[in-house]
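Enquirer: Take this structure first; my questions come after.
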Amino acid sequence: MSAAQTFLNRLEERLSERQAASLPEPTWIAARRQAAAARFEALGFPTRRDEAWKYTDVRRIGEGDFVLARDAAFSKATAATLTLPIEAIRLTFVDGLFSADLSDLSALPSGATVEPLSQALANNHEAVGGALGRLSGVEFSPFAALNTAFTEEGAVIRLAPGTVVEQPIVLQFLSRANEAAVMSHPRVLIEAGARSQATVVEHYVGETDAANFTNVVGEVLLDRGAILKHYKLQEAPLGDLHIASLHVDQGRDSRFTSFNVNLGGALVRNDLVADLNAQGAEASYLGLFFAQGRQHVDNHTLVNHNAPMTFSNENYKGILGDRARGVFNGKVIVKRDSQKIEAYQSNANLLLSDRAEIDAKPELEIYADDIKCSHGTTTGQLDEKAVFALRTRGIDEQTARGLLTLAFAGEVMEQVDVDAIAERVERTVAGKLPERFNLAELVDASLNEVHDAGLGEE
Amino acid sequence: MLEVKDLHVSVEGKEILKGLNLTINPGEVHAIMGPNGAGKSTLSAVIAGNEGYEVTSGTITFEGQDVLEMEIEERAQAGLLLGFQYPVEIPGVKNVYLLKAALNAQREARGEGEIPAPEFMKLVREKLAFMKMDNSFLQRAVNEGFSGGEKKRNEILQMLVLQPKLAMLDEIDSGLDIDAMKVVAEGVNSLRSAERAILMVTHYQRLLDYIEPDYVHVLVDGRIVKSGDKDLALELESRGYEWVTEESAA
C-alpha cells in the first residue's frame with residue numbers, strides 16, 4: 001500500500017467517526033470530496049522527482065500519524081499573548097476548528113461578510129459552492145486535492161461592490177500543543193466585489209511545543225477595481241508542518257498585494273499563484289523568510305500575465321542560519337498577446353552560516369515581445385564594510401551582524417503598512433538572532449521613539 | 001594619552017608610514033596636514049583598527065594600553081573614535097539602533113548598566129538639536145541617501161553621543177559647504193575639554209579657521225617632518241608643502 005493510501009485510509013476512518021455524529025453534508029460537497037480523495041490517491045504525495053518539489057522532501061508528512069482536532073479549546077491567556085495587538089475583525093481557528101470565543105466580528109461594516117466556512121455552508125451552501133474550488137482544482141497539487149477532500153473548516157470573506165473595510169480582517173490559526181499531532185485542512189475563500197477594498201491577515205501561530213500539520217488552501221477572486229492586501233504572517237511553532245497554496249484571480253484594474261512572511265514551522269511550503277486576467281490588473285509579491293536550526297522553507301510563486309497591460313512586481317528576501325534550507329522559485333509567464341506588460345522580480349538571500357543552503361530559481365516564460373521584464377537573484381553574506389563601521393563605534397561583532405541582518409529584512413518590512421505586523425516581525429527577527437544581540441530591546445527603543453514622536457505631533 | 005612610537009605601516013607590501021612619532025596629551029587639539037599620499041589617513045585608520053594595514057614595527061599606546069592588541073570595538077569602547085572621511089552607508093540600520101547599541105556597549109565595557117530609554121532619548125534629542133538635525137534622522141538608515149554634509153554631521157553626532165576621549169577626524173571638512181562646516185566645527189569644538197583630545201587629519205587650512213589646533217604637524221612621505229602651532233598651517237596655506245619637504249630633505 002502506498003503512503004498516500006495508508007494516509008487516506010487512516011484519515012477516512014477518523015473522519016467517519018466524527019461524521020457519524022454530525023449532519024449529512026450537501027451532496028455536491030460529498031461528491032467533490034470523493035473525487036478529490038480519488039485524485040489524491042492517484043497522485044500520491046509529491047516526491048523529489050517532481051520538478052515542483054525537487055528541493056522539498058515531504059515524506060515526514062506522508063509518514064506522519066495525525067489525528068483530527070476534537071475541540072477548539074484554547075487558553076485565553078495564552079491566546080492573548082499570541083494574537084496580533086490590533087483592532088481587527090477576527091476569526092480564530094484552533095487546530096483548524098472554529099473558536100467563537102476567540103473571534104470578534106463586531107467591527108464588520110455592512111456590505112462585508114466574514115464567516116467560518118461551516119456557517120457559510122449552513123447558511124447558503126450553494127452560494128459558496130459556486131466560488132469554492134474554482135481556482136484551486138484538485139489538479140494543482142496532491143496537497144490541494146487532500147485539502148479539498150478533507151476540508152472541515154475555514155473562512156469565507158465576501159465584499160459587496162464598493163465596500164471598504166477599514167479594519168484588517170484577521171484569520172488567526174492557532175496550533176495547540178497536543179498529545180498526538182493534529183492535522184487540519186483549512187480553506188479560505190475571499191470574494192472581493194468591484195472596487196471593494198480590504199486587508200486580510202492570515203496569522204499562523206501557536207504554543208511553543210506544538211507539532212501539528214496544517215494544509216491550507218486559499219482562493220481570492222478580485223472583481224474589477226478591487227484592492228486587496230493579503231498578509232500572511234507564518235510564525236507557527238517550530239515543530240509544525242505547514243503546506244499552503246493561495247490562488248488569486250484578478251479582474252480589470254484590480255490590485256493585489258501579498259506580504260508573505262515566514263518565520264516559523266519545521267517544514268514550510270508556500271505556493272502563490274496570481275492570474276492577471278484583464279488589463280490594468282496589478283500584483284505585488286513581497287516576501288520574507290527567516291529559517292534557522294533545521295527549518296526548511298520553500299516559496300514557490302507564479303504570476304500569469306494572461307492579459308495585456310498587466311503589472312507584477314516581486315521582492316523576496318531570505319535569511320538562513322545554522323543548517324536551515326530555503327527554496328525560492330519565482331515564475332512569471334507572459335502569454336502570447338499579453339503586450340505592454342511589466343514584470344519585475346528580485347530575490348536576495350542572506351546566508352548566516354556555512355551550512356545553510358538556498359536554492360533560488362527565477363523562471364521567465366515569455367511569449368509576447370513588447371514587454372518590460374527583469375529578474376535577479378543574489379545570495380551572499382553580510383557587508384563586511386558595514387560590520388567594520390559598526391565595530392568602530394564600539395558595537396561588538398555579533399551585535400553588528402545582528403543589526404545588519406535585521407536591516408536586510410527591513411527593506412521588505414518597510415512596505416508593511418500594518419504597524420502591528422511590522423513591529424511583530426521586527427521583534428521576532430531580532431529575537432531569532434543569536435543571544436547577546438539583545439536587539440529586541442533596541443527595537444523597543446526605536447518603536448517607543450516612533451510612538452513618542454507620533455504622540456508629540458498630535 | 002596617545003603615544004605613537006616609530007610606527008611603520010605597509011599596505012599591500014608598500015610602506016606608507018615610515019617611522020611616525022606622535023604624542024597627544026589630554027586637552028590638546030592636533031592637526032595633521034600634508035600632501036596627498038603622505039599617509040595622513042593611514043595613521044587614524046591604523047589606530048581605529050581598519051583591516052588591510054600591516055604594522056611592521058613600532059607601537060601605539062592609549063592610556064597605557066597596547067592599541068594594536070585591542071579588538072576594533074574595544075578601541076572604541078576605550079574612547080578612541082574615528083570620524084570617517086567617507087562614512088559607510090548602512091541600509092536598514094536605523095541611526096537610533098546604532099547610537100543606542102554603541103552607547104550601551106561603551107557603558108557595558110565600563111561596568112555601567114544600560115542607559116534607561118528616557119534618558120537616552122533626552123540625550124540624543126539634545127545632541128541632534130545641537131547638530132541642527134531633525135528627530136526624523138533617528139529612524140533613517142545610517143547615512144543612506146544622506147548628502148555629504150549630512151553624513152559628516154552624523155559622524156559628529158555619534159561623537160557627541162559617545163563622548164570619546166580621543167576623537168579622530170579624517171578629512172571631516174571634505175565635501176562640506178561653509179554652513180555645514182560651521183555646524184560640524186561647532187560640534188567638534190563642543191567636544192573640547194581638559195580631559196579630551198582631538199586629532200584632525202586635513203588637507204586644507206580652511207578647517208583650522210573654525211577648529212583651532214594647539215599643534216600642527218606636517219606629514220611627508222610617512223614621517224612627521226615639521227611640527228608647530230596654528231601659524232604653521234597658515235604658512236603651509238600660503239607656501240604649499242614643497243618648502244617643508246625640501247627643508248626636511250636638507
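Simple scheme: letters A, B, ... for chains in C-alpha cells order, numbers from 1 for residues in each chain, numbers from 1 for ligands in the order shown.
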For chain A, which residues have at least one atom within 7 Å of chain B, if we go by only C-alpha atoms? Write them as a PyMOL selection string, please.
Expert: chain A and resi 386+389+391-396+403-404+407-408+410-411+442+445-446
Enquirer: Please produce a file of the residues just selected, as a short mmCIF file (atom, residue, chain, number, x, y, z; two decimals), in the first residue's frame, where the atoms kept are C-alpha atoms.
Expert:
data_model
loop_
_atom_site.label_atom_id
_atom_site.label_comp_id
_atom_site.auth_asym_id
_atom_site.auth_seq_id
_atom_site.Cartn_x
_atom_site.Cartn_y
_atom_site.Cartn_z
CA ALA A 386 29.31 47.78 7.34
CA ALA A 389 31.88 50.57 10.51
CA ARG A 391 32.53 47.91 15.26
CA THR A 392 34.41 51.20 15.11
CA ARG A 393 31.53 52.58 17.16
CA GLY A 394 32.15 50.04 19.90
CA ILE A 395 29.46 47.58 18.82
CA ASP A 396 30.73 44.03 19.16
CA LEU A 403 21.84 44.66 13.31
CA LEU A 404 22.77 44.12 9.68
CA ALA A 407 18.42 45.60 8.26
CA PHE A 408 18.38 43.06 5.47
CA GLY A 410 13.96 45.74 6.85
CA GLU A 411 13.85 46.51 3.17
CA LEU A 442 16.77 48.12 20.69
CA ALA A 445 13.53 51.70 21.96
CA SER A 446 13.06 52.59 18.34
#
Enquirer: Env of region 57-73 of chain A: 8 Å cut, atoms = only C-alpha atoms, seq-sep filter 3 positions within chain, self excluded. Answer as number ranges by chain.
Expert: A: 3-4, 7, 11, 14-15, 45-48, 53-54, 93-99, 180-184, 212-213, 241
Enquirer: Taking the backbone alone, and naming residues the way the document does, which bits of region 18-215 of chain B are helix (DSSP H, G or I) by DSSP, as a ChimeraX atom specification?
Expert: /B:40-48,67-69,72-78,95-109,117-130,135-139,148-162,178-191,206-210
Enquirer: Rounded to one decimal in Å, what is the spacing between CA of Ser258 (chain A) and CA of Asp383 (chain A)?
Expert: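 Between CA of Ser258 (chain A) and CA of Asp383 (chain A) the gap is 28.5 Å.
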Enquirer: Based on DSSP run over this structure's backbone, return all residues of region 13-101 of chain B in strand (DSSP E or B), as a PyMOL selection string.
Expert: chain B and resi 14-24+29-33+54-62+65-66+80-83+90-94
Enquirer: I'd like the contact shell of Ser190 (chain B) - 10 Å cut-off, only C-alpha atoms, skipping same-chain residues fewer than 5 positions apart - returned as a VMD selection string.
Expert: chain B and resid 130 160 184 to 185
Enquirer: Pull all heavy atoms from the residues just selected and write them as a PDB file, in the first residue's frame.
Expert:
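File result_13.pdb, as written:
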ATOM      1  N   PHE B 130      21.612  70.173  18.669  1.00  0.00           N
ATOM      2  CA  PHE B 130      22.877  70.888  18.598  1.00  0.00           C
ATOM      3  C   PHE B 130      23.477  70.808  17.203  1.00  0.00           C
ATOM      4  O   PHE B 130      24.054  71.758  16.697  1.00  0.00           O
ATOM      5  CB  PHE B 130      23.859  70.312  19.636  1.00  0.00           C
ATOM      6  CG  PHE B 130      25.101  71.142  19.801  1.00  0.00           C
ATOM      7  CD1 PHE B 130      25.102  72.244  20.655  1.00  0.00           C
ATOM      8  CD2 PHE B 130      26.264  70.854  19.090  1.00  0.00           C
ATOM      9  CE1 PHE B 130      26.239  73.034  20.796  1.00  0.00           C
ATOM     10  CE2 PHE B 130      27.408  71.642  19.221  1.00  0.00           C
ATOM     11  CZ  PHE B 130      27.396  72.733  20.083  1.00  0.00           C
ATOM     12  N   LEU B 160      29.279  63.150  19.665  1.00  0.00           N
ATOM     13  CA  LEU B 160      28.658  63.889  20.766  1.00  0.00           C
ATOM     14  C   LEU B 160      27.930  62.934  21.712  1.00  0.00           C
ATOM     15  O   LEU B 160      27.895  63.151  22.916  1.00  0.00           O
ATOM     16  CB  LEU B 160      27.675  64.935  20.228  1.00  0.00           C
ATOM     17  CG  LEU B 160      28.272  66.079  19.407  1.00  0.00           C
ATOM     18  CD1 LEU B 160      27.221  67.140  19.126  1.00  0.00           C
ATOM     19  CD2 LEU B 160      29.451  66.712  20.122  1.00  0.00           C
ATOM     20  N   VAL B 184      29.530  71.549  11.753  1.00  0.00           N
ATOM     21  CA  VAL B 184      30.442  70.461  12.107  1.00  0.00           C
ATOM     22  C   VAL B 184      31.517  70.978  13.079  1.00  0.00           C
ATOM     23  O   VAL B 184      31.818  70.347  14.097  1.00  0.00           O
ATOM     24  CB  VAL B 184      31.084  69.853  10.835  1.00  0.00           C
ATOM     25  CG1 VAL B 184      32.303  69.019  11.178  1.00  0.00           C
ATOM     26  CG2 VAL B 184      30.055  69.003  10.091  1.00  0.00           C
ATOM     27  N   ALA B 185      32.053  72.153  12.782  1.00  0.00           N
ATOM     28  CA  ALA B 185      33.101  72.718  13.630  1.00  0.00           C
ATOM     29  C   ALA B 185      32.567  73.011  15.032  1.00  0.00           C
ATOM     30  O   ALA B 185      33.240  72.747  16.034  1.00  0.00           O
ATOM     31  CB  ALA B 185      33.659  73.981  12.995  1.00  0.00           C
TER      32      ALA B 185
END
Enquirer: Would you mind listing what lies within 8 Å of Leu272 (chain A) as an NGL selection string, with only C-alpha atoms counted and same-chain residues fewer than 5 positions away left out?
Expert: :A and (245-248 or 299-302)
Enquirer: As a list in words, please: the residues near Ala120 (chain A) (cut-off 10 Å, only C-alpha atoms, same-chain neighbours under 5 positions excluded).
Expert: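 Selected residues are Thr113, Val114, Glu115, His125, Glu126, Ala127, Val128, Gly154, Ala155, Val156 and Ile157 of chain A.
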Enquirer: Skip Gln85 (chain B) itself and residues of its chain fewer than 4 positions away, then list as a ChimeraX atom specification all residues within 9 Å of it, counting only C-alpha atoms.
Expert: /B:41,152,169-174
Enquirer: So how many Å separate CA of Asn349 (chain A) and CA of Thr405 (chain A), to one decimal?
Expert: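 Result for CA of Asn349 (chain A) versus CA of Thr405 (chain A): 10.7 Å, one decimal.
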Enquirer: So that I can check the surroundings of Val138 (chain A), please list as JSON, numbers by chain every protein, DNA and RNA residue that reaches within 9 Å of it, counting only C-alpha atoms and ignoring chain neighbours fewer than 4 positions away.
Expert: {"A": [35, 36, 39, 40, 133, 142, 143, 144, 145, 146, 147, 148, 149]}
Enquirer: Report, in Å to a single decimal, how far apart CA of Lys331 (chain A) and CA of Leu352 (chain A) are.
Expert: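 Taking CA of Leu352 (chain A) and CA of Lys331 (chain A), their separation equals 26.1 Å.
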